[in-house]
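**Student:** Please find my_file-v3.cif (mmCIF, C-alpha atoms) on the next line:
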```
data_run
loop_
_atom_site.label_atom_id
_atom_site.label_comp_id
_atom_site.auth_asym_id
_atom_site.auth_seq_id
_atom_site.Cartn_x
_atom_site.Cartn_y
_atom_site.Cartn_z
CA MET U 972 31.35 104.15 126.00
CA GLN U 973 31.48 101.10 128.25
CA GLU U 974 34.85 99.74 129.37
CA LEU U 975 34.22 96.35 127.79
CA ASP U 976 33.59 97.96 124.39
CA LEU U 977 36.94 99.74 124.70
CA TRP U 978 38.51 96.41 125.60
CA HIS U 979 37.08 94.73 122.47
CA LEU U 980 38.44 97.58 120.33
CA PHE U 981 41.82 97.22 122.05
CA MET U 982 41.84 93.52 121.23
CA ILE U 983 41.19 94.22 117.52
CA TYR U 984 44.02 96.76 117.55
CA LEU U 985 46.37 94.30 119.26
CA ALA U 986 45.53 91.43 116.91
CA LEU U 987 46.14 93.61 113.87
CA THR U 988 49.37 95.30 114.98
CA ASP U 989 51.22 93.09 117.49
CA GLU U 990 53.39 90.41 115.94
CA THR U 991 53.22 88.39 119.16
CA VAL U 992 49.65 87.49 118.20
CA ALA U 993 50.64 84.75 115.79
CA TYR U 994 49.10 84.15 112.40
CA HIS U 995 45.78 82.27 113.02
CA PHE U 996 45.13 83.75 116.45
CA LYS U 997 44.67 87.15 114.79
CA TYR U 998 41.47 85.97 113.15
CA VAL U 999 40.22 84.23 116.30
CA ILE U 1000 40.62 87.46 118.30
CA CYS U 1001 39.13 89.71 115.61
CA ILE U 1002 36.05 87.50 115.17
CA SER U 1003 35.55 87.32 118.97
CA ALA U 1004 35.85 91.10 119.18
CA VAL U 1005 33.20 91.63 116.51
CA VAL U 1006 30.90 89.18 118.33
CA GLY U 1007 31.62 90.87 121.66
CA LEU U 1008 30.90 94.32 120.25
CA THR U 1009 27.63 93.36 118.57
CA LEU U 1010 26.04 90.77 120.89
CA ASP U 1011 25.69 92.58 124.20
CA ASP U 1012 24.63 89.58 126.22
CA LYS U 1013 26.21 88.08 129.34
CA LEU U 1014 26.82 84.64 127.83
CA TRP U 1015 28.53 86.01 124.70
CA GLN U 1016 30.64 88.38 126.77
CA ARG U 1017 31.79 85.45 128.91
CA PHE U 1018 32.58 83.49 125.80
CA THR U 1019 34.57 86.22 123.98
CA LEU U 1020 36.50 87.37 127.06
CA SER U 1021 37.52 83.76 127.78
CA ILE U 1022 38.72 83.39 124.19
CA TYR U 1023 40.93 86.49 124.63
CA ALA U 1024 42.41 85.14 127.85
CA LEU U 1025 43.16 81.71 126.37
CA THR U 1026 44.53 83.00 123.06
CA LEU U 1027 46.74 85.67 124.61
CA SER U 1028 48.11 83.22 127.21
CA LEU U 1029 48.97 80.77 124.46
CA CYS U 1030 50.68 83.48 122.38
CA LEU U 1031 52.61 84.58 125.44
CA PHE U 1032 53.70 81.02 126.13
CA LEU U 1033 54.91 80.63 122.53
CA TYR U 1034 56.78 83.95 122.42
CA PHE U 1035 57.74 84.32 126.05
CA TYR U 1036 61.13 86.01 125.57
CA THR U 1037 60.10 87.94 122.46
CA ALA U 1038 56.84 89.50 123.67
CA ALA U 1039 56.84 93.14 124.79
CA ASN U 1040 56.18 93.96 128.44
CA HIS U 1041 52.75 95.47 127.74
CA PHE U 1042 51.69 92.15 126.21
CA PHE U 1043 52.20 90.50 129.60
CA VAL U 1044 50.03 93.16 131.27
CA ILE U 1045 47.29 92.77 128.68
CA THR U 1046 47.30 88.99 129.18
CA TYR U 1047 47.02 89.32 132.98
CA PHE U 1048 44.12 91.71 132.60
CA ALA U 1049 42.40 89.50 130.01
CA ALA U 1050 42.56 86.65 132.53
CA PHE U 1051 41.10 88.93 135.20
CA LEU U 1052 38.22 90.14 132.99
CA SER U 1053 37.23 86.65 131.91
CA LEU U 1054 37.32 85.23 135.46
CA MET U 1055 35.28 88.26 136.54
CA GLN U 1056 32.61 87.51 133.91
CA TRP U 1057 32.34 83.94 135.19
CA ASN U 1058 31.92 85.26 138.78
CA LEU U 1059 35.02 83.37 139.85
CA LEU U 1060 36.79 86.31 141.48
CA LYS U 1061 36.43 88.45 144.53
CA GLU U 1062 35.57 92.05 143.65
CA ALA U 1063 38.88 93.91 143.39
CA ARG U 1064 40.70 96.88 141.85
CA TYR U 1065 42.98 94.67 139.79
CA GLY U 1066 43.78 97.34 137.16
CA TYR U 1067 45.05 99.76 139.78
CA GLY U 1068 46.97 96.97 141.52
CA LEU U 1069 48.67 96.12 138.24
CA VAL U 1070 49.63 99.77 137.66
CA VAL U 1071 51.24 99.95 141.12
CA MET U 1072 53.05 96.67 140.49
CA ILE U 1073 54.33 97.75 137.06
CA MET U 1074 55.61 101.09 138.31
CA SER U 1075 57.31 99.51 141.35
CA LEU U 1076 58.99 96.80 139.27
CA ALA U 1077 60.10 99.32 136.63
CA THR U 1078 61.70 101.45 139.36
CA LEU U 1079 63.31 98.44 141.04
CA GLN U 1080 64.77 97.25 137.73
CA LYS U 1081 66.23 100.68 137.03
CA ILE U 1082 67.95 100.72 140.40
CA LEU U 1083 69.24 97.16 139.87
CA SER U 1084 70.68 97.84 136.42
CA PRO U 1085 74.34 98.99 136.40
CA PRO U 1086 74.19 100.64 132.93
CA PHE U 1087 71.25 102.75 134.11
CA VAL U 1088 72.67 103.73 137.49
CA GLU U 1089 76.04 104.74 136.00
CA GLY U 1090 74.26 107.05 133.55
CA SER U 1091 75.53 105.03 130.60
CA PHE U 1092 72.07 104.30 129.30
CA ALA U 1093 70.98 107.96 129.42
CA GLY U 1094 74.28 108.87 127.78
CA PHE U 1095 73.62 106.32 125.06
CA LEU U 1096 70.14 107.77 124.42
CA PHE U 1097 71.59 111.28 124.05
CA LEU U 1098 74.66 110.31 122.02
CA SER U 1099 72.72 108.13 119.59
CA GLY U 1100 70.14 110.90 119.15
CA SER U 1101 67.17 108.79 120.24
CA SER U 1102 66.20 111.16 123.07
CA LEU U 1103 66.11 114.96 123.36
CA GLN U 1104 67.64 115.61 119.95
CA ALA U 1105 66.64 119.25 120.26
CA LEU U 1106 69.24 119.80 123.03
CA ASN U 1107 71.82 118.59 120.59
CA GLU U 1108 70.72 120.85 117.78
CA TRP U 1109 70.84 123.93 119.96
CA ASN U 1110 74.18 122.78 121.41
CA PHE U 1111 72.68 123.57 124.79
CA SER U 1112 75.42 124.30 127.35
CA GLY U 1113 78.11 122.34 125.53
CA PHE U 1114 75.78 119.43 124.91
CA GLY U 1115 76.61 118.97 121.23
CA ALA U 1116 77.23 115.27 120.66
CA ASP U 1117 78.36 113.89 117.32
CA ILE U 1118 75.33 111.66 116.69
CA ALA U 1119 76.36 110.47 113.23
CA PHE U 1120 79.85 109.48 114.38
CA PHE U 1121 78.57 107.66 117.46
CA ASN U 1122 76.04 105.65 115.47
CA GLU U 1123 78.74 104.84 112.93
CA GLN U 1124 80.93 103.48 115.71
CA ILE U 1125 78.08 101.33 117.03
CA SER U 1126 77.29 99.93 113.62
CA SER U 1127 80.98 99.21 112.97
CA LEU U 1128 80.88 97.01 116.08
CA THR U 1129 77.57 95.30 115.29
CA SER U 1130 78.30 94.71 111.60
CA ASN U 1131 81.74 93.13 112.03
CA ARG U 1132 82.70 89.99 113.89
CA VAL U 1133 85.14 91.69 116.21
CA GLY U 1134 84.73 89.52 119.30
CA ASN U 1135 85.99 91.38 122.36
CA GLN U 1136 86.99 94.88 121.39
CA THR U 1137 86.68 98.42 122.73
CA LEU U 1138 86.34 101.74 120.91
CA LYS U 1139 87.07 105.11 122.52
CA VAL U 1140 84.23 107.63 122.25
CA ASN U 1141 84.47 111.40 122.37
CA ILE U 1142 82.31 112.64 125.22
CA PRO U 1143 81.45 116.38 125.13
CA ALA U 1144 82.47 118.44 128.18
CA HIS U 1145 79.25 118.58 130.23
CA PHE U 1146 77.90 115.29 129.04
CA MET U 1147 78.59 113.23 132.13
CA ALA U 1148 76.72 115.73 134.31
CA TRP U 1149 73.77 115.83 131.90
CA SER U 1150 73.43 112.06 131.79
CA LEU U 1151 73.68 111.65 135.55
CA ALA U 1152 71.15 114.45 136.10
CA PHE U 1153 68.73 112.86 133.65
CA THR U 1154 69.17 109.45 135.28
CA LEU U 1155 68.57 110.91 138.73
CA ILE U 1156 65.47 112.77 137.57
CA ILE U 1157 63.96 109.62 136.03
CA ALA U 1158 64.66 107.57 139.16
CA LEU U 1159 63.25 110.26 141.49
CA VAL U 1160 60.13 110.82 139.36
CA GLU U 1161 59.39 107.09 139.28
CA LEU U 1162 60.01 106.69 143.01
CA ALA U 1163 57.76 109.67 143.77
CA LEU U 1164 55.06 108.28 141.48
CA VAL U 1165 55.15 104.87 143.21
CA GLY U 1166 54.85 106.64 146.57
CA ILE U 1167 51.90 108.73 145.38
CA LEU U 1168 50.14 105.69 143.88
CA ILE U 1169 50.48 103.76 147.12
CA TRP U 1170 49.81 106.42 149.77
CA ASN U 1171 47.59 109.04 148.16
CA LYS U 1172 43.89 108.23 148.49
CA GLY U 1173 42.35 111.18 146.63
CA SER U 1174 42.25 112.13 142.97
CA PHE U 1175 45.81 113.52 143.03
CA ARG U 1176 47.31 110.09 142.20
CA TYR U 1177 45.33 109.94 138.94
CA TRP U 1178 46.43 113.43 137.93
CA ALA U 1179 50.03 112.44 138.73
CA MET U 1180 49.71 109.35 136.55
CA LEU U 1181 48.17 111.39 133.72
CA LEU U 1182 51.02 113.87 133.95
CA PHE U 1183 53.55 111.05 133.96
CA LEU U 1184 52.05 109.43 130.84
CA TRP U 1185 51.85 112.66 128.83
CA GLY U 1186 55.23 113.84 130.12
CA THR U 1187 57.00 110.66 129.09
CA VAL U 1188 55.60 110.95 125.56
CA PHE U 1189 58.20 113.67 124.91
CA PHE U 1190 61.08 111.27 125.63
CA ARG U 1191 59.93 107.83 124.54
CA LYS U 1192 57.23 106.79 122.10
CA GLU U 1193 55.96 103.69 123.89
CA TYR U 1194 52.35 104.40 122.94
CA THR U 1195 50.93 100.88 123.28
CA PHE U 1196 52.36 100.63 126.78
CA PHE U 1197 50.84 104.00 127.72
CA ALA U 1198 47.50 102.95 126.20
CA THR U 1199 47.56 99.79 128.34
CA LEU U 1200 48.23 101.80 131.51
CA SER U 1201 45.44 104.27 130.62
CA PHE U 1202 43.00 101.40 130.12
CA LEU U 1203 43.90 99.85 133.47
CA LEU U 1204 43.10 103.19 135.14
CA VAL U 1205 39.83 103.64 133.22
CA THR U 1206 38.59 100.44 134.89
CA ASP U 1207 39.42 101.70 138.40
CA LYS U 1208 36.24 101.93 140.46
CA GLN U 1209 37.66 104.43 142.96
CA MET U 1210 38.04 107.08 140.28
CA GLU U 1211 34.76 108.82 140.96
CA ASP U 1212 35.46 112.01 139.01
CA GLN U 1213 33.84 111.52 135.61
CA ARG U 1214 36.11 114.13 133.99
CA LEU U 1215 39.20 112.17 135.04
CA SER U 1216 37.74 108.96 133.73
CA ASN U 1217 36.99 110.64 130.41
CA LEU U 1218 40.52 112.03 130.24
CA PHE U 1219 41.94 108.52 130.63
CA LYS U 1220 39.56 107.18 127.98
CA LEU U 1221 40.66 109.98 125.66
CA SER U 1222 44.33 109.27 126.44
CA PHE U 1223 43.78 105.58 125.71
CA ILE U 1224 42.26 106.30 122.30
CA LEU U 1225 44.86 108.97 121.44
CA PHE U 1226 47.79 106.69 122.39
CA LEU U 1227 46.40 103.92 120.18
CA LEU U 1228 45.97 106.38 117.30
CA PHE U 1229 49.49 107.76 117.83
CA SER U 1230 50.86 104.25 117.92
CA PHE U 1231 49.03 103.30 114.73
CA PHE U 1232 49.98 106.36 112.72
CA GLY U 1233 53.44 106.73 114.24
CA VAL U 1234 52.81 110.31 115.39
CA LEU U 1235 55.76 112.37 116.72
CA GLU U 1236 58.42 109.93 115.53
CA MET S 149 30.01 75.84 152.37
CA LYS S 150 29.63 79.54 151.71
CA THR S 151 33.01 80.41 153.19
CA SER S 152 34.78 77.82 151.04
CA THR S 153 33.49 79.37 147.77
CA LEU S 154 34.56 82.79 149.03
CA ASP S 155 38.02 81.42 149.78
CA TYR S 156 38.22 80.00 146.29
CA LYS S 157 37.49 83.43 144.83
CA LYS S 158 40.02 85.05 147.09
CA TRP S 159 42.82 82.64 146.20
CA LEU S 160 42.20 83.05 142.48
CA LEU S 161 42.66 86.79 142.92
CA VAL S 162 45.84 86.22 144.91
CA ALA S 163 47.08 83.99 142.06
CA LEU S 164 46.46 86.83 139.60
CA PHE S 165 48.96 88.92 141.55
CA VAL S 166 51.41 86.14 142.42
CA VAL S 167 51.85 84.78 138.89
CA PRO S 168 52.96 88.18 137.45
CA LEU S 169 55.32 88.60 140.40
CA LEU S 170 56.81 85.12 139.83
CA ILE S 171 57.28 85.91 136.12
CA ALA S 172 58.99 89.18 137.06
CA ALA S 173 61.20 87.40 139.60
CA ASN S 174 62.20 84.89 136.93
CA GLN S 175 63.08 87.74 134.58
CA ILE S 176 65.07 89.66 137.19
CA PHE S 177 67.02 86.51 138.07
CA ARG S 178 67.79 85.59 134.46
CA SER S 179 68.72 89.10 133.38
CA ASN S 180 71.08 89.59 136.32
CA PHE S 181 72.71 86.15 136.36
CA SER S 182 72.37 85.08 132.73
CA ASP S 183 72.29 86.83 129.36
CA LEU S 184 68.54 87.60 129.09
CA THR S 185 68.08 91.23 128.06
CA ARG S 186 66.38 93.37 130.68
CA TRP S 187 63.97 94.58 127.98
CA LYS S 188 62.15 91.26 127.65
CA GLY S 189 60.63 88.52 129.77
CA GLY S 190 57.85 90.40 131.58
CA GLY S 191 59.88 91.99 134.38
CA PHE S 192 59.30 95.61 133.25
CA GLY S 193 63.01 96.34 132.86
CA MET S 194 62.62 98.41 129.72
CA TYR S 195 64.94 101.42 129.31
CA THR S 196 67.53 100.13 131.74
CA GLU S 197 70.21 98.93 129.32
CA MET S 198 71.20 98.97 125.62
CA TYR S 199 68.59 97.78 123.15
CA PRO S 200 68.85 94.06 122.31
CA GLU S 201 68.98 95.21 118.67
CA ASN S 202 72.61 96.17 119.35
CA ARG S 203 73.46 92.48 119.54
CA SER S 204 74.55 90.58 116.44
CA VAL S 205 74.28 86.92 115.41
CA TRP S 206 76.89 85.01 113.40
CA LEU S 207 77.03 81.55 111.86
CA ILE S 208 80.49 80.04 111.47
CA SER S 209 81.66 76.86 109.82
CA GLU S 210 85.27 75.84 110.26
CA SER S 211 87.56 73.21 108.78
CA ARG S 212 91.25 72.63 109.45
CA ASP S 213 92.52 75.75 107.69
CA THR S 214 89.47 77.71 106.53
CA THR S 215 86.61 79.55 108.19
CA LEU S 216 83.32 80.65 106.62
CA VAL S 217 81.51 83.44 108.47
CA THR S 218 78.01 84.77 107.77
CA LYS S 219 76.10 87.43 109.64
CA ILE S 220 72.43 86.62 110.23
CA TYR S 221 71.45 89.65 112.33
CA PRO S 222 71.40 92.64 111.84
CA ILE S 223 71.14 92.32 108.08
CA THR S 224 69.93 94.85 105.52
CA LEU S 225 67.74 94.03 102.55
CA GLU S 226 70.70 94.65 100.26
CA GLN S 227 73.00 92.33 102.23
CA ARG S 228 70.28 89.68 102.21
CA GLY S 229 70.14 89.90 98.42
CA LYS S 230 73.86 89.20 98.21
CA LEU S 231 73.67 85.96 100.22
CA ASP S 232 74.27 82.76 98.25
CA PRO S 233 71.23 80.46 97.86
CA ALA S 234 72.26 78.14 100.70
CA MET S 235 72.70 81.01 103.14
CA ARG S 236 69.44 82.55 101.99
CA GLU S 237 67.72 79.30 102.96
CA VAL S 238 69.51 79.36 106.33
CA TYR S 239 68.36 82.95 106.83
CA ARG S 240 64.76 81.97 105.96
CA GLN S 241 64.89 79.13 108.50
CA MET S 242 66.47 81.31 111.16
CA ARG S 243 64.22 84.32 110.78
CA PRO S 244 61.30 83.32 113.04
CA GLU S 245 63.71 82.43 115.85
CA VAL S 246 66.44 84.99 115.57
CA ARG S 247 64.79 87.33 118.09
CA ASN S 248 64.63 84.61 120.72
CA LEU S 249 68.32 84.03 120.17
CA LEU S 250 69.10 87.75 120.46
CA HIS S 251 67.07 88.31 123.61
CA TYR S 252 68.19 85.22 125.49
CA PRO S 253 71.14 83.31 123.94
CA SER S 254 71.53 80.92 126.90
CA GLY S 255 67.85 79.99 126.91
CA PHE S 256 67.75 79.25 123.19
CA ASN S 257 67.02 75.72 122.00
CA TYR S 258 70.07 74.88 119.86
CA GLU S 259 68.94 71.26 119.44
CA SER S 260 65.66 72.06 117.68
CA LYS S 261 64.69 70.45 114.38
CA ARG S 262 65.17 73.79 112.65
CA MET S 263 68.69 74.25 114.04
CA ARG S 264 69.64 70.69 112.99
CA LYS S 265 68.47 71.50 109.47
CA ILE S 266 70.53 74.70 109.50
CA LYS S 267 73.57 72.70 110.59
CA GLU S 268 73.02 70.29 107.71
CA ILE S 269 72.77 73.09 105.12
CA LEU S 270 75.90 74.79 106.50
CA SER S 271 77.82 71.51 106.38
CA ILE S 272 76.90 70.89 102.73
CA ARG S 273 77.75 74.47 101.81
CA HIS S 274 81.12 74.26 103.51
CA GLN S 275 81.89 71.05 101.62
CA GLU S 276 80.95 72.63 98.29
CA ILE S 277 83.11 75.71 98.80
CA GLU S 278 86.10 74.26 100.65
CA HIS S 279 85.94 70.65 99.40
CA GLN S 280 86.21 69.25 102.89
CA LEU S 281 83.90 68.56 105.79
CA PRO S 282 83.71 71.26 108.47
CA THR S 283 85.23 70.29 111.82
CA ALA S 284 83.01 72.71 113.73
CA ILE S 285 79.79 74.63 113.11
CA ARG S 286 78.76 77.22 115.64
CA VAL S 287 76.58 80.20 116.50
CA GLU S 288 78.02 83.35 118.05
CA VAL S 289 76.12 86.21 119.65
CA GLN S 290 78.01 89.44 120.11
CA ALA S 291 76.79 92.40 122.19
CA VAL S 292 77.75 96.07 122.20
CA GLU S 293 77.72 97.99 125.46
CA PHE S 294 78.37 101.63 126.17
CA SER S 295 80.18 102.84 129.27
CA LEU S 296 80.01 106.53 130.02
CA GLY S 297 82.54 106.39 132.86
CA LYS S 298 85.21 104.78 130.68
CA SER S 299 83.91 106.73 127.64
CA GLN S 300 84.03 103.67 125.43
CA LEU S 301 81.93 101.32 123.38
CA GLU S 302 82.66 97.74 124.18
CA SER S 303 81.88 94.73 122.04
CA ARG S 304 81.93 91.37 123.70
CA LEU S 305 81.19 87.79 122.82
CA LEU S 306 78.00 86.98 124.69
CA LYS S 307 77.58 83.38 123.63
CA ARG S 308 79.45 80.80 121.57
CA LYS S 309 77.63 77.54 120.97
CA GLU S 310 78.65 74.54 118.89
CA LEU S 311 75.77 73.19 116.82
#
```
Could you spell out this file's structure in structure tokens?
**Tutor:**
Amino acid sequence: MQELDLWHLFMIYLALTDETVAYHFKYVICISAVVGLTLDDKLWQRFTLSIYALTLSLCLFLYFYTAANHFFVITYFAAFLSLMQWNLLKEARYGYGLVVMIMSLATLQKILSPPFVEGSFAGFLFLSGSSLQALNEWNFSGFGADIAFFNEQISSLTSNRVGNQTLKVNIPAHFMAWSLAFTLIIALVELALVGILIWNKGSFRYWAMLLFLWGTVFFRKEYTFFATLSFLLVTDKQMEDQRLSNLFKLSFILFLLFSFFGVLE
Amino acid sequence: MKTSTLDYKKWLLVALFVVPLLIAANQIFRSNFSDLTRWKGGGFGMYTEMYPENRSVWLISESRDTTLVTKIYPITLEQRGKLDPAMREVYRQMRPEVRNLLHYPSGFNYESKRMRKIKEILSIRHQEIEHQLPTAIRVEVQAVEFSLGKSQLESRLLKRKEL
């Protein structure tokens, strides 16, 4: 399957599922995608890809502080693809460049954020039961957090107009260490990945990225974001190994399916 | 002539990298020095702080000795059903915008046509219930944060804005 066909399918998926694509734009994108998939001709491709770029930019402008981060990436890439079709751009590995930029910014933001660095965010994920619930159920090394009670405390703060108020929380014995370890691991993995993406020139960087995507699936279910990253790598010209390219195509399709059917949630 | 077209192509490509970086810089600035959540705004700061869904939005109308308070977000289907007709209309008006308000209270347009209409409805409602004109109508956004070091959940008033 050609990359552009995958892109048209992605656009249909996005128009149907993402609420950032506002009411009428859904139809515009879907119709363009059907045209793009059926009329395999340079002029029509130019036309449909430009429509994507314009529509997505407009949606992004309208919902700037509501849109998800992957929507920004998709819009940038839509702009790139349409300019490419009109021969207005220098040949470049824009998809790979975007992946490097995303991973670097994500790492930078984690280091800049006090709640993340202190381990509070990891602690929140564990205590509220939104990550690694299994550890809780097994009461692994004194992990056992009272998920129900913690969530009750949060909702008592969000559902009442309490203004400035604090509530004491019971933290299990080894919890602090667990949260800090988890935080450190995430930061180190992301830093290592950025390093590999920048300095490795072989196929190792793609395997690392693949491992990262499928490894993160066990913690967070950001499937559309993962699908976007997979697509960016599918378009990379330096990935000469056909098996790798196929693996990324497969990942892209699987992530979209998972996202649509809400697998593993 | 040939070099100038090449330059044009090169600068467009540079722009495709610079624009995302500028957007990210804007997000990093606003989330560190204002109340934009790190989750939104195109700076890739997801999973670095509490979900913006842990914020709550309140509408308050006040007269000399009474205060009417209604929660607009988060609100369950059941709670929505219990709202009086005026507040249900306010909720309907507010719904498309409530996420913008949650994600970035200081960047929200409180002077919009929709917000003026909401103010009008709240004023009439206050008059009907309390038989006097409200002296103040305002929006409050409250956020919950978790601190592992202090082992506490902290609620704080993120934004208070008179309509």
**Student:** Using the chain letters and numbers from the file, which residues does the PyMOL selection byres ((chain S) within 8 of (chain U)) grab, as a PyMOL selection string?
**Tutor:** chain S and resi 154+156-158+160-161+164-165+168+172+176+187-198+202-204+206+219+222+247-248+251-252+290-292+294-297+299-305
**Student:** Tell me which of S:Ser260, S:Ser179, S:Thr214, S:Ser271 sits closest to Arg286 of chain S, counting all atoms listed in the file.
**Tutor:**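 Checking each candidate against Arg286 of chain S, we get S:Ser271 as the closest.
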**Student:** Calculated over only C-alpha atoms, which of the candidates U:Val1070, U:Ile1002, U:Lys1208, U:Thr988 has the smallest distance to Ile1022 of chain U?
**Tutor:**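 Result for the nearest residue to Ile1022 of chain U: U:Ile1002.
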**Student:** Could you write out as a VMD selection string the residues that the PyMOL selection byres ((chain U and resi 1008) around 10) matches in the shown file?
**Tutor:** chain U and resid 975 to 980 1002 to 1007 1009 to 1012 1015 to 1016 1019
**Student:** Could those residues be written to a file, using C-alpha atoms, as a CSV table (one decimal), in the coordinates of the input?
**Tutor:**
```csv
chain,number,residue,atom,x,y,z
U,975,LEU,CA,34.2,96.4,127.8
U,976,ASP,CA,33.6,98.0,124.4
U,977,LEU,CA,36.9,99.7,124.7
U,978,TRP,CA,38.5,96.4,125.6
U,979,HIS,CA,37.1,94.7,122.5
U,980,LEU,CA,38.4,97.6,120.3
U,1002,ILE,CA,36.0,87.5,115.2
U,1003,SER,CA,35.6,87.3,119.0
U,1004,ALA,CA,35.8,91.1,119.2
U,1005,VAL,CA,33.2,91.6,116.5
U,1006,VAL,CA,30.9,89.2,118.3
U,1007,GLY,CA,31.6,90.9,121.7
U,1009,THR,CA,27.6,93.4,118.6
U,1010,LEU,CA,26.0,90.8,120.9
U,1011,ASP,CA,25.7,92.6,124.2
U,1012,ASP,CA,24.6,89.6,126.2
U,1015,TRP,CA,28.5,86.0,124.7
U,1016,GLN,CA,30.6,88.4,126.8
U,1019,THR,CA,34.6,86.2,124.0
```
**Student:** Could you check how far atom CA of Gln280 of chain S sits from atom CA of Phe256 of chain S, in Å to one decimal?
**Tutor:**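 Value for the atom CA of Gln280 of chain S-atom CA of Phe256 of chain S distance: 29.2 Å.
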**Student:** To one decimal in Å, tell me the separation between atom CA of Ile266 of chain S and atom CA of Pro253 of chain S.
**Tutor:** 16.8 Å
**Student:** The PyMOL selection byres ((chain U and resi 1180) around 10) on the file shown: which residues, as a short mmCIF file (atom, residue, chain, number, x, y, z; two decimals) with C-alpha atoms, in the coordinates of the input?
**Tutor:**
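Output below, filename expr_11.cif:
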```cif
data_model
loop_
_atom_site.label_atom_id
_atom_site.label_comp_id
_atom_site.auth_asym_id
_atom_site.auth_seq_id
_atom_site.Cartn_x
_atom_site.Cartn_y
_atom_site.Cartn_z
CA VAL U 1070 49.63 99.77 137.66
CA LEU U 1164 55.06 108.28 141.48
CA VAL U 1165 55.15 104.87 143.21
CA ILE U 1167 51.90 108.73 145.38
CA LEU U 1168 50.14 105.69 143.88
CA PHE U 1175 45.81 113.52 143.03
CA ARG U 1176 47.31 110.09 142.20
CA TYR U 1177 45.33 109.94 138.94
CA TRP U 1178 46.43 113.43 137.93
CA ALA U 1179 50.03 112.44 138.73
CA LEU U 1181 48.17 111.39 133.72
CA LEU U 1182 51.02 113.87 133.95
CA PHE U 1183 53.55 111.05 133.96
CA LEU U 1184 52.05 109.43 130.84
CA TRP U 1185 51.85 112.66 128.83
CA GLY U 1186 55.23 113.84 130.12
CA LEU U 1200 48.23 101.80 131.51
CA SER U 1201 45.44 104.27 130.62
CA LEU U 1204 43.10 103.19 135.14
CA PHE U 1219 41.94 108.52 130.63
#
```
**Student:** Provide the atom CA of Glu237 of chain S to atom CA of Leu987 of chain U distance in Å, to one decimal place.
**Tutor:**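 The value is 28.1 Å.
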